[in-house]
Structures are given as C-alpha cells and as structure tokens.
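Enquirer: Dropping in target.txt, which is compact mmCIF, C-alpha atoms:
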# COMPACT_ATOMS: atom_id res chain seq x y z
CA MET B 1 205.35 41.96 194.29
CA PHE B 2 202.77 40.12 192.29
CA LEU B 3 199.39 39.93 193.94
CA LYS B 4 196.41 37.74 193.39
CA VAL B 5 193.26 39.68 194.08
CA GLN B 6 189.57 38.90 194.03
CA LEU B 7 187.45 41.88 193.10
CA PRO B 8 183.76 42.69 192.93
CA TRP B 9 183.01 44.96 190.00
CA ASN B 10 179.98 46.07 188.08
CA VAL B 11 179.89 45.45 184.37
CA ILE B 12 177.51 47.44 182.22
CA ILE B 13 176.22 45.80 179.09
CA PRO B 14 174.72 48.26 176.64
CA ALA B 15 171.17 47.54 175.60
CA GLU B 16 172.11 46.87 171.98
CA SER B 17 174.30 43.88 172.83
CA LEU B 18 171.52 42.23 174.76
CA ASP B 19 169.52 40.68 171.95
CA THR B 20 171.46 37.43 172.16
CA LYS B 21 171.08 34.97 174.95
CA GLY B 22 172.92 32.51 177.17
CA LEU B 23 176.52 32.02 176.21
CA MET B 24 176.59 35.13 174.10
CA LEU B 25 175.55 37.20 177.07
CA GLN B 26 178.23 35.63 179.18
CA LYS B 27 180.73 36.35 176.47
CA SER B 28 179.79 39.98 176.28
CA ILE B 29 180.10 40.26 180.03
CA ILE B 30 183.60 38.80 179.87
CA ILE B 31 184.60 41.02 176.99
CA ARG B 32 183.25 44.03 178.74
CA LEU B 33 185.04 43.08 181.95
CA LEU B 34 188.35 42.58 180.14
CA ASP B 35 187.84 45.89 178.44
CA ASP B 36 187.19 47.72 181.71
CA PHE B 37 190.07 45.91 183.32
CA SER B 38 192.51 46.97 180.61
CA THR B 39 191.28 50.53 180.61
CA LYS B 40 191.69 50.79 184.34
CA LYS B 41 195.39 49.94 184.01
CA ALA B 42 196.26 50.44 187.68
CA THR B 43 195.02 51.61 191.06
CA LYS B 44 196.84 52.93 194.05
CA ASP B 45 195.94 50.01 196.25
CA LEU B 46 196.32 47.11 193.92
CA GLY B 47 199.05 48.23 191.57
CA TYR B 48 199.19 47.48 187.86
CA PHE B 49 196.44 45.27 186.48
CA LEU B 50 198.05 42.48 184.54
CA ALA B 51 195.46 39.85 183.80
CA VAL B 52 192.07 38.47 184.74
CA THR B 53 192.46 34.85 185.72
CA THR B 54 188.94 33.69 186.52
CA LEU B 55 185.42 35.03 186.46
CA ASP B 56 184.07 33.62 189.68
CA HIS B 57 180.51 34.82 189.80
CA ILE B 58 178.03 36.79 187.74
CA GLY B 59 175.23 38.29 189.76
CA GLU B 60 171.74 39.17 188.68
CA GLY B 61 171.55 41.93 186.14
CA LYS B 62 169.74 45.13 186.92
CA VAL B 63 168.21 47.20 184.19
CA ARG B 64 169.16 50.83 184.42
CA GLN B 65 166.36 53.25 183.88
CA HIS B 66 166.62 55.76 181.04
CA THR B 67 169.41 54.00 179.12
CA GLY B 68 168.14 50.44 179.24
CA ASP B 69 171.64 49.13 179.84
CA VAL B 70 172.00 46.21 182.16
CA LEU B 71 174.36 46.26 185.09
CA PHE B 72 175.82 42.95 186.23
CA PRO B 73 177.69 42.63 189.50
CA VAL B 74 180.61 40.26 188.92
CA LEU B 75 183.27 38.70 191.09
CA PHE B 76 186.57 37.89 189.44
CA SER B 77 190.17 37.11 190.27
CA CYS B 78 193.15 38.83 188.75
CA VAL B 79 196.89 39.20 188.95
CA THR B 80 198.39 42.60 189.72
CA PHE B 81 201.85 43.94 190.32
CA LYS B 82 202.45 46.47 193.05
CA PRO B 83 205.78 47.87 194.21
CA LEU B 84 205.92 47.67 198.00
CA ARG B 85 208.11 49.59 200.35
CA GLY B 86 210.95 47.45 201.68
CA GLU B 87 210.65 44.99 198.85
CA ILE B 88 213.63 43.72 196.88
CA LEU B 89 213.20 44.02 193.12
CA GLU B 90 215.30 43.93 190.02
CA GLY B 91 215.31 46.55 187.31
CA VAL B 92 217.06 47.45 184.10
CA VAL B 93 219.01 50.70 183.90
CA HIS B 94 217.79 52.93 181.10
CA LYS B 95 219.23 56.33 181.86
CA ILE B 96 222.28 57.51 183.72
CA LEU B 97 222.63 61.00 185.10
CA LYS B 98 225.19 62.59 187.35
CA HIS B 99 222.83 62.45 190.28
CA GLY B 100 221.62 58.94 189.86
CA VAL B 101 220.15 56.43 187.50
CA PHE B 102 216.71 55.57 186.19
CA LEU B 103 215.53 52.01 185.95
CA ARG B 104 212.58 50.03 184.71
CA SER B 105 211.20 47.09 186.55
CA GLY B 106 208.29 45.10 185.24
CA PRO B 107 205.49 47.50 184.43
CA ILE B 108 207.08 50.35 186.39
CA GLU B 109 208.63 52.83 184.02
CA ASN B 110 210.24 55.32 186.39
CA ILE B 111 212.41 54.08 189.20
CA TYR B 112 215.03 56.43 190.56
CA LEU B 113 218.21 55.40 192.27
CA SER B 114 219.97 58.45 193.67
CA ASN B 115 223.76 58.53 193.88
CA GLN B 116 223.28 59.18 197.58
CA LYS B 117 221.68 55.79 197.88
CA MET B 118 224.65 54.03 196.33
CA SER B 119 227.42 55.92 198.05
CA ASP B 120 230.15 53.47 197.13
CA TYR B 121 229.50 54.01 193.44
CA LYS B 122 231.08 56.99 191.72
CA TYR B 123 229.91 58.71 188.60
CA VAL B 124 232.21 58.23 185.64
CA PRO B 125 231.39 60.83 182.98
CA GLY B 126 231.82 60.20 179.29
CA GLU B 127 229.83 59.59 176.18
CA ASN B 128 228.20 56.69 177.93
CA PRO B 129 228.43 57.67 181.57
CA ILE B 130 228.43 54.90 184.16
CA PHE B 131 228.58 54.42 187.90
CA MET B 132 231.39 52.29 189.24
CA ASN B 133 232.61 51.24 192.69
CA ASP B 134 236.03 50.28 194.01
CA LYS B 135 235.47 46.68 193.13
CA LEU B 136 234.91 47.73 189.53
CA SER B 137 231.30 46.73 189.65
CA LYS B 138 229.60 48.80 186.98
CA ILE B 139 226.14 50.23 186.69
CA GLU B 140 225.64 51.08 183.05
CA LYS B 141 222.82 51.18 180.57
CA ASP B 142 220.89 47.91 180.22
CA VAL B 143 222.49 46.40 183.30
CA VAL B 144 220.16 44.55 185.68
CA VAL B 145 220.34 45.88 189.21
CA ARG B 146 218.86 44.45 192.37
CA PHE B 147 217.63 47.13 194.75
CA SER B 148 215.38 47.71 197.69
CA VAL B 149 212.37 49.99 197.43
CA ILE B 150 212.45 53.01 199.75
CA GLY B 151 209.27 54.67 198.67
CA THR B 152 206.57 54.53 196.07
CA LYS B 153 204.20 57.06 194.67
CA TYR B 154 201.10 56.62 192.60
CA ILE B 155 200.37 59.18 189.91
CA GLU B 156 196.64 59.15 189.50
CA VAL B 157 196.47 61.05 186.23
CA GLU B 158 198.82 58.70 184.42
CA ARG B 159 197.88 55.66 186.44
CA GLU B 160 201.55 54.95 186.94
CA PHE B 161 203.73 54.16 189.89
CA GLN B 162 207.08 55.76 190.54
CA ALA B 163 209.59 54.50 193.04
CA VAL B 164 212.78 55.61 194.73
CA VAL B 165 215.16 52.83 195.51
CA SER B 166 218.43 52.16 197.27
CA LEU B 167 221.51 49.98 196.99
CA GLU B 168 222.57 50.52 200.58
CA GLY B 169 222.96 47.15 202.18
CA ASP B 170 224.56 43.86 201.35
CA PHE B 171 223.55 41.71 198.42
CA LEU B 172 222.28 44.66 196.40
CA GLY B 173 223.69 45.98 193.15
CA PRO B 174 224.26 44.83 189.58
CA VAL B 175 223.24 41.25 188.88
CA SER B 176 225.26 39.22 186.45
CA MET G 1 185.12 50.39 193.38
CA ALA G 2 188.44 48.86 193.53
CA GLU G 3 190.03 52.03 194.65
CA LYS G 4 187.62 52.50 197.40
CA GLY G 5 188.53 49.25 198.91
CA GLY G 6 191.93 50.40 199.89
CA LYS G 7 191.48 53.02 202.49
CA GLY G 8 190.22 51.21 205.47
CA PHE G 9 192.60 48.46 205.95
CA SER G 10 196.21 49.40 205.96
CA LEU G 11 197.23 47.49 208.97
CA PRO G 12 198.77 48.69 212.17
CA LYS G 13 200.68 51.47 210.67
CA SER G 14 197.82 53.44 209.34
CA SER G 15 197.47 55.28 212.55
CA LEU G 16 201.09 56.22 212.43
CA LYS G 17 200.98 57.19 208.87
CA SER G 18 199.59 60.61 209.17
CA PRO G 19 201.83 61.85 211.93
CA ALA G 20 204.84 60.59 210.06
CA HIS G 21 203.58 62.24 206.99
CA LEU G 22 203.05 65.51 208.72
CA LYS G 23 206.48 65.44 210.13
CA GLY G 24 207.87 64.79 206.76
CA LYS G 25 209.50 68.13 206.31
CA ASP G 26 211.02 69.06 209.59
CA ASP G 27 213.79 66.55 209.69
CA SER G 28 213.89 65.38 213.19
CA PRO G 29 217.44 64.61 214.18
CA ALA G 30 216.66 61.02 214.93
CA LYS G 31 216.20 60.10 211.39
CA SER G 32 218.73 62.31 209.77
CA LYS G 33 221.43 59.74 209.90
CA ASN G 34 220.07 56.98 207.86
CA GLY G 35 218.67 59.01 205.17
CA ARG G 36 214.99 58.91 204.83
CA LYS G 37 216.03 61.93 202.97
CA VAL G 38 216.19 61.39 199.36
CA GLN G 39 217.64 64.52 198.07
CA PHE G 40 217.69 65.51 194.53
CA ASP G 41 219.97 68.38 194.13
CA SER G 42 218.89 69.70 190.84
CA GLU G 43 215.28 68.95 190.73
CA ASP G 44 214.62 71.44 188.06
CA SER G 45 217.04 70.16 185.53
CA LEU G 46 216.01 66.63 186.28
CA GLU G 47 212.42 67.36 185.81
CA SER G 48 212.75 69.09 182.58
CA GLU G 49 214.99 66.47 181.21
CA ILE G 50 213.10 63.40 182.08
CA ASN G 51 209.68 64.71 182.32
CA LEU G 52 208.95 62.70 185.34
CA SER G 53 206.91 65.43 186.74
CA SER G 54 203.27 65.18 186.23
CA LYS G 55 200.26 67.17 186.85
CA ALA G 56 199.28 64.78 189.53
CA CYS G 57 202.23 65.73 191.61
CA GLY G 58 200.77 69.13 191.61
CA LYS G 59 200.52 71.60 194.30
CA GLY G 60 203.57 72.37 196.27
CA ASP G 61 204.49 68.78 196.13
CA THR G 62 207.61 68.60 194.09
CA PRO G 63 207.85 65.45 192.11
CA PHE G 64 210.58 64.16 194.28
CA GLY G 65 209.52 65.91 197.41
CA LYS G 66 209.75 64.05 200.62
CA GLY G 67 206.07 64.30 201.07
CA ASP G 68 204.67 61.10 199.80
CA TRP G 69 207.61 58.90 199.21
CA GLY G 70 207.93 56.40 201.97
CA LYS G 71 206.11 58.15 204.66
CA GLY G 72 207.85 55.57 206.69
CA GLY G 73 210.54 57.59 208.33
CA LYS G 74 209.66 57.20 211.90
CA GLY G 75 206.55 55.23 211.52
CA ASP G 76 208.45 52.32 210.14
CA LYS G 77 210.41 51.87 213.26
CA PHE G 78 207.36 51.69 215.37
CA ALA G 79 205.69 49.43 212.95
CA ASN G 80 208.42 46.94 213.44
CA GLY G 81 206.77 46.12 216.64
CA GLY G 82 209.24 48.04 218.71
CA LYS G 83 211.66 45.18 218.62
CA SER G 84 214.56 46.63 220.47
CA SER G 85 216.71 43.87 219.13
CA MET G 86 216.58 45.59 215.78
CA PRO G 87 219.89 47.25 215.28
CA LYS G 88 218.61 50.71 214.92
CA GLY G 89 220.45 52.77 212.47
CA SER G 90 223.64 50.92 213.04
CA SER G 91 222.97 48.40 210.35
CA THR G 92 224.95 48.78 207.21
CA SER G 93 221.83 49.24 205.25
CA GLY G 94 220.04 52.47 205.32
CA GLN G 95 216.84 50.62 204.84
CA LYS G 96 214.89 50.01 207.91
CA ASN G 97 211.91 49.40 205.85
CA GLU G 98 209.56 46.98 207.23
CA GLN G 99 207.78 44.61 204.94
CA GLY G 100 205.29 45.84 202.53
CA HIS G 101 202.50 43.86 204.05
CA THR G 102 201.17 46.92 205.73
CA GLU G 103 200.46 48.28 202.27
CA LEU G 104 198.72 45.17 201.12
CA PRO G 105 195.06 45.36 200.30
CA LYS G 106 193.12 42.93 202.43
CA ASN G 107 191.63 40.89 199.64
CA ALA G 108 195.02 40.39 198.04
CA LYS G 109 197.33 37.46 198.35
CA CYS G 110 201.02 37.65 197.59
CA LEU G 111 202.32 35.62 194.69
CA MET G 112 205.84 34.46 194.23
CA ASP G 113 207.42 35.49 190.94
CA CYS G 114 207.48 31.89 189.82
CA GLU G 115 203.76 31.48 190.55
CA ALA G 116 202.95 34.66 188.69
CA ALA G 117 205.11 33.52 185.80
CA ASP G 118 203.14 30.29 185.66
CA ILE G 119 199.77 32.02 185.57
CA LEU G 120 200.76 34.75 183.12
CA GLN G 121 202.55 32.26 180.91
CA GLY G 122 199.36 30.22 180.79
CA ILE G 123 197.46 33.25 179.56
CA GLN G 124 200.18 34.08 177.08
CA GLU G 125 199.74 30.64 175.56
CA GLN G 126 196.08 31.37 174.93
CA MET G 127 197.05 34.58 173.26
CA VAL G 128 197.02 33.17 169.75
CA VAL G 129 193.35 32.36 170.13
CA LEU G 130 192.56 35.50 172.06
CA SER G 131 194.18 37.85 169.61
CA GLU G 132 191.95 36.57 166.84
CA ASP G 133 189.10 38.38 168.50
CA PRO G 134 189.82 42.09 168.32
CA THR G 135 187.20 42.82 170.96
CA ILE G 136 189.29 41.13 173.63
CA LYS G 137 191.72 43.55 175.11
CA ILE G 138 194.92 42.63 176.88
CA PRO G 139 196.15 45.09 179.49
CA ILE G 140 199.22 47.04 178.46
CA PRO G 141 201.24 46.15 181.56
CA PHE G 142 200.70 42.44 180.85
CA ASP G 143 203.77 41.88 178.71
CA ARG G 144 206.12 43.71 181.00
CA GLY G 145 204.70 41.91 184.00
CA LEU G 146 205.14 38.56 182.30
CA GLN G 147 208.67 39.46 181.33
CA TYR G 148 209.51 40.42 184.87
CA ALA G 149 207.97 37.30 186.31
CA LYS G 150 209.84 35.12 183.86
CA ASN G 151 213.17 36.79 184.53
CA GLY G 152 212.58 36.80 188.23
CA SER G 153 211.53 33.21 188.67
CA ARG G 154 214.44 30.94 189.39
CA TYR G 155 212.33 27.96 190.18
CA THR G 156 210.49 25.84 187.68
CA ASP G 157 208.06 24.30 190.09
CA PRO G 158 206.21 26.91 192.15
CA GLU G 159 204.24 24.31 194.04
CA SER G 160 207.29 22.66 195.51
CA VAL G 161 208.65 26.04 196.48
CA ARG G 162 205.41 26.76 198.32
CA LEU G 163 205.60 23.42 200.05
CA VAL G 164 209.13 24.10 201.20
CA LEU G 165 208.44 27.61 202.46
CA GLU G 166 204.93 27.19 203.82
CA PRO G 167 206.08 25.56 207.10
CA LEU G 168 207.91 28.80 207.93
CA LYS G 169 204.54 30.35 208.64
CA ALA G 170 204.39 28.33 211.82
CA HIS G 171 207.48 30.21 212.92
CA GLY G 172 205.94 33.62 212.42
CA VAL G 173 207.08 34.32 208.89
CA SER G 174 204.39 36.22 207.01
CA ASP G 175 203.04 35.46 203.59
CA SER G 176 204.76 38.41 202.00
CA GLU G 177 208.05 37.47 203.61
CA ILE G 178 207.74 33.98 202.21
CA CYS G 179 207.21 35.38 198.75
CA MET G 180 210.16 37.68 199.15
CA ILE G 181 212.38 34.78 200.13
CA ALA G 182 211.31 32.92 197.02
CA ASN G 183 211.81 35.98 194.81
CA ILE G 184 215.26 36.71 196.16
CA CYS G 185 216.33 33.16 195.56
CA PRO G 186 218.86 33.40 198.36
CA GLU G 187 222.07 31.46 198.53
CA SER G 188 222.73 31.97 202.20
CA LEU G 189 221.01 32.82 205.45
CA ASP G 190 222.96 36.05 205.57
CA GLU G 191 221.43 37.09 202.29
CA VAL G 192 217.92 36.51 203.61
CA PHE G 193 218.48 38.52 206.75
CA ALA G 194 220.32 41.30 204.94
CA LEU G 195 217.58 41.78 202.40
CA ILE G 196 214.46 41.15 204.44
CA SER G 197 215.02 43.34 207.43
CA SER G 198 211.73 42.44 209.06
CA LEU G 199 213.01 38.93 209.61
CA LYS G 200 215.88 40.16 211.73
CA GLY G 201 213.60 40.60 214.68
CA LYS G 202 212.59 36.97 214.48
CA LYS G 203 216.10 35.77 213.86
CA ASN G 204 216.31 33.38 216.80
CA LYS G 205 213.07 31.75 215.95
CA VAL G 206 213.45 31.35 212.23
CA THR G 207 217.12 30.64 211.70
CA GLN G 208 216.95 26.85 211.89
CA PRO G 209 213.76 26.29 209.88
CA LEU G 210 214.99 28.81 207.36
CA LYS G 211 218.26 26.98 207.00
CA ASP G 212 216.42 23.76 206.25
CA ALA G 213 214.18 25.52 203.77
CA LEU G 214 217.12 27.09 201.97
CA SER G 215 218.86 23.79 201.45
CA GLU G 216 215.65 22.41 200.01
CA LEU G 217 215.26 25.46 197.78
CA THR G 218 218.72 25.07 196.37
CA LYS G 219 217.66 21.71 195.00
CA LEU G 220 214.71 23.29 193.25
CA LYS G 221 216.70 26.00 191.62
CA GLN G 222 216.86 26.13 187.89
CA SER G 223 220.25 25.26 186.61
CA THR G 224 220.23 28.17 184.23
CA ARG G 225 218.46 31.43 184.56
CA SER G 226 215.91 31.91 181.86
CA SER G 227 216.94 34.91 179.93
CA ASN G 228 214.02 35.79 177.77
Turn the structure described in the file into structure tokens.
Expert:
Amino acid sequence: MFLKVQLPWNVIIPAESLDTKGLMLQKSIIIRLLDDFSTKKATKDLGYFLAVTTLDHIGEGKVRQHTGDVLFPVLFSCVTFKPLRGEILEGVVHKILKHGVFLRSGPIENIYLSNQKMSDYKYVPGENPIFMNDKLSKIEKDVVVRFSVIGTKYIEVEREFQAVVSLEGDFLGPVS
Amino acid sequence: MAEKGGKGFSLPKSSLKSPAHLKGKDDSPAKSKNGRKVQFDSEDSLESEINLSSKACGKGDTPFGKGDWGKGGKGDKFANGGKSSMPKGSSTSGQKNEQGHTELPKNAKCLMDCEAADILQGIQEQMVVLSEDPTIKIPIPFDRGLQYAKNGSRYTDPESVRLVLEPLKAHGVSDSEICMIANICPESLDEVFALISSLKGKKNKVTQPLKDALSELTKLKQSTRSSN
C-alpha cells in the first residue's frame, strides 16, 4: 500500500555550503534532504521511500560545535510504499521453480509464492516451466498475478522487503 | 529518527505479537490446518540459487523460517476482534489475515493507488527540470513505485473515488480498507468480501452502502487499463 507520511528529520548542512544566504540556503537544505531521503531507501516501519512531496517546515538551525556544520530540524511529507500483511497486490512473475514462483511488485524485488499456497496449480516442467490449473489458467514468466500477502520481512542490511504470498481464495491468480 | 518512530504504536495487536512470535515454532494444532506454515522443502537449493538469503537473516533464522514472516498465526484471529461470526478456518481462503492497519505507522495515511499515481506522476513531470541538476537525487524505488501505481490505478479521478468511498467510514470501514477497495477495483460485492477478509465481520452493516459505492465506482472506471 502506498502511504503518505509526514516526518521530522534533521538535515545537516556542512559549513562550506553556508556562505550563501536566503534562497540558496533553502535550496541546499532541500538538496540535502532529498539526498538523505534517497540514501535511506527504506525503513521497516514506513516501507520504501519513493518521493518527497512537500517541505512543510524548516526549524531554526543549530551550529554544531567542532565541525561548524549547521543542523536544521525539518518537517516534510513523502510518499512511501509498504507491503502489509493481508493486503492484495499484483506482481509480475520473474522466476519459476518447482516449489513455487518469484514475483516482483512495485519496488519489492523478492516475493515468493509457494506451490503450497496455490494448491490448484500444478508444476509443468520444461524449458520454460509454468504452473497451470485445471481451468488452464497459466502462471508463467512475465504474467501479472494478483495475490494476498501472508507475511513480510524487512532486511535491514539491504534495506529491502521480502514477502510470502498466497493465491488461496477467490479472485486471486493471473490477471489478464 | 524515522525508524524509531515505529516501535510504540502498532495498535492492538502489539501485545499479542510477542506471544505469537514465541509460539512460532511449536505448531499448535489449532493453526495447522490453514497453513500459517509456509514450508520450503529445499531451502538450501533455493537459497543458493536465488541468493535470497542475506546476512540480515542471520542467526538461526533461516531466510524462510517461520520466525518473522507473518507472526500473525494466532494473534491475527484475536486481532479480528474476536468476531465469532468470522468463519474460522472453514473459509476457502487460507488467509485469515486481518488488515494491515495494525502495521501502519501512526503518522502515515493510506493512499489509493490512483492517488499515489497522481502524486508520483506529477513529480515525474518535473523530472526534466530536476534531472538537469545533478545534485538532486531521485530515490531508486521511485520508478518502480510509479510504475506500480500507474498499472494499479483503474480510476482516472482519485478525488471522485475518495468521495464515493469516504461515506463508508461512517459504517465502520477503516481508511486502509477503503484504499484496498479502491486498489482492488472490484466488480462485485463477493469480490470485496473474498479479498478483504476483515470486512466479513462487518458484513451486515456494510453490504448496502458498499453496494451503492460499487455501482458508483463502476462509472468511474477507466475504459481501458493503462498498460505502461
């Protein structure tokens, strides 16, 4: 699900970019914020960071001793994407194995759909293996599948989410 | 900072979370039927092949271990407010997941795919100007997020969709449920109830208003699904 979040952050402006005033200062705060935002990539609570929409408030800067950098508390709004348990999402199949398939959905790279979670689909081996059910509905590479999210996991080191998903239930499966 | 924010506020379930988590391994019979269990028979071969494993998964916690994935198991059921009307386990779907809103950070608001598409598209349009300045960085997930939002949004006018669905709040439908309805772009009431299991408990209350909303939504639907 996409989320709209308002966040308070601190932006540190190095002393050397402080010799300009007014608008330039504001610009360097924005640039710095965007930079931090992009570097952050994702957090466990908020999901993937997609974009800053507005910079709502810039607080009073505080000079840091020793370095001379200035720290500005800012308040901004952003859009994030977080996979939630129980949510219905769509993803594109990118790998098919005997035990299940891997999908991508939005910024999430690794989504696993186990064959046990799509019990009516059977594995059909071959050069390009697929999963197929009695109604000849096929799950093959590059097919879009609608699924429900059973569980998610956040990998701190990579700042990535992984998810396990299921097709058990009505109205789930390949989307034409 | 942002990370810190998260801990305190997971809603009612947080208290249940840890017990459920602890129980994780010893499959209590109650839940065995509907498969909280996500078993991966050949973890090893999988791992090596797809390199899904990561250092973060670390200690004793196999990448696909039951540990962290959906700690829900039992907790979920309770979290559903103990609605005995919920067909426990007998439903065709193995998913008794409740809505994600318990995982929502408190300062976050759900967006429908079409709303997100609108916002991200707006930023994309500025991109020509933005990309001239190499100091401005665009987050890597941006493109994929935009893509997803565009593919997922079946409505051209997010505001009207909001207007149609907003009245459902008066009938106890939560914000995240409203967004899910919009994202699913349902064709029938059955579809809504099948996919959003948390609404089943409120079925009596929401059926009629939902029906009205759906017929309105159908009018707002895009005639063709955008495919880029």
Enquirer: Grab the CA of Ile88 (chain B) to CA of Lys41 (chain B) distance for me, in Å with one decimal place.
Expert: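 Between CA of Ile88 (chain B) and CA of Lys41 (chain B) the gap is 23.2 Å.
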Enquirer: Residues of chain B near chain G: apply a cut-off of 7 Å, count only C-alpha atoms, and supply the list as an MDAnalysis selection string.
Expert: chainID B and resid 1:6 9 31 34:35 38 41 43:46 48:51 84:87 106:107 150:153 155:157 168:171
Enquirer: Report the distance between CA of Ile58 (chain B) and CA of Met24 (chain B) in Å, rounded to one decimal place.
Expert: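 Here the two named atoms are 13.8 Å from each other.
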Enquirer: CA of Val165 (chain B) and CA of Lys169 (chain G), how far apart in Å?
Expert: 28.1 Å
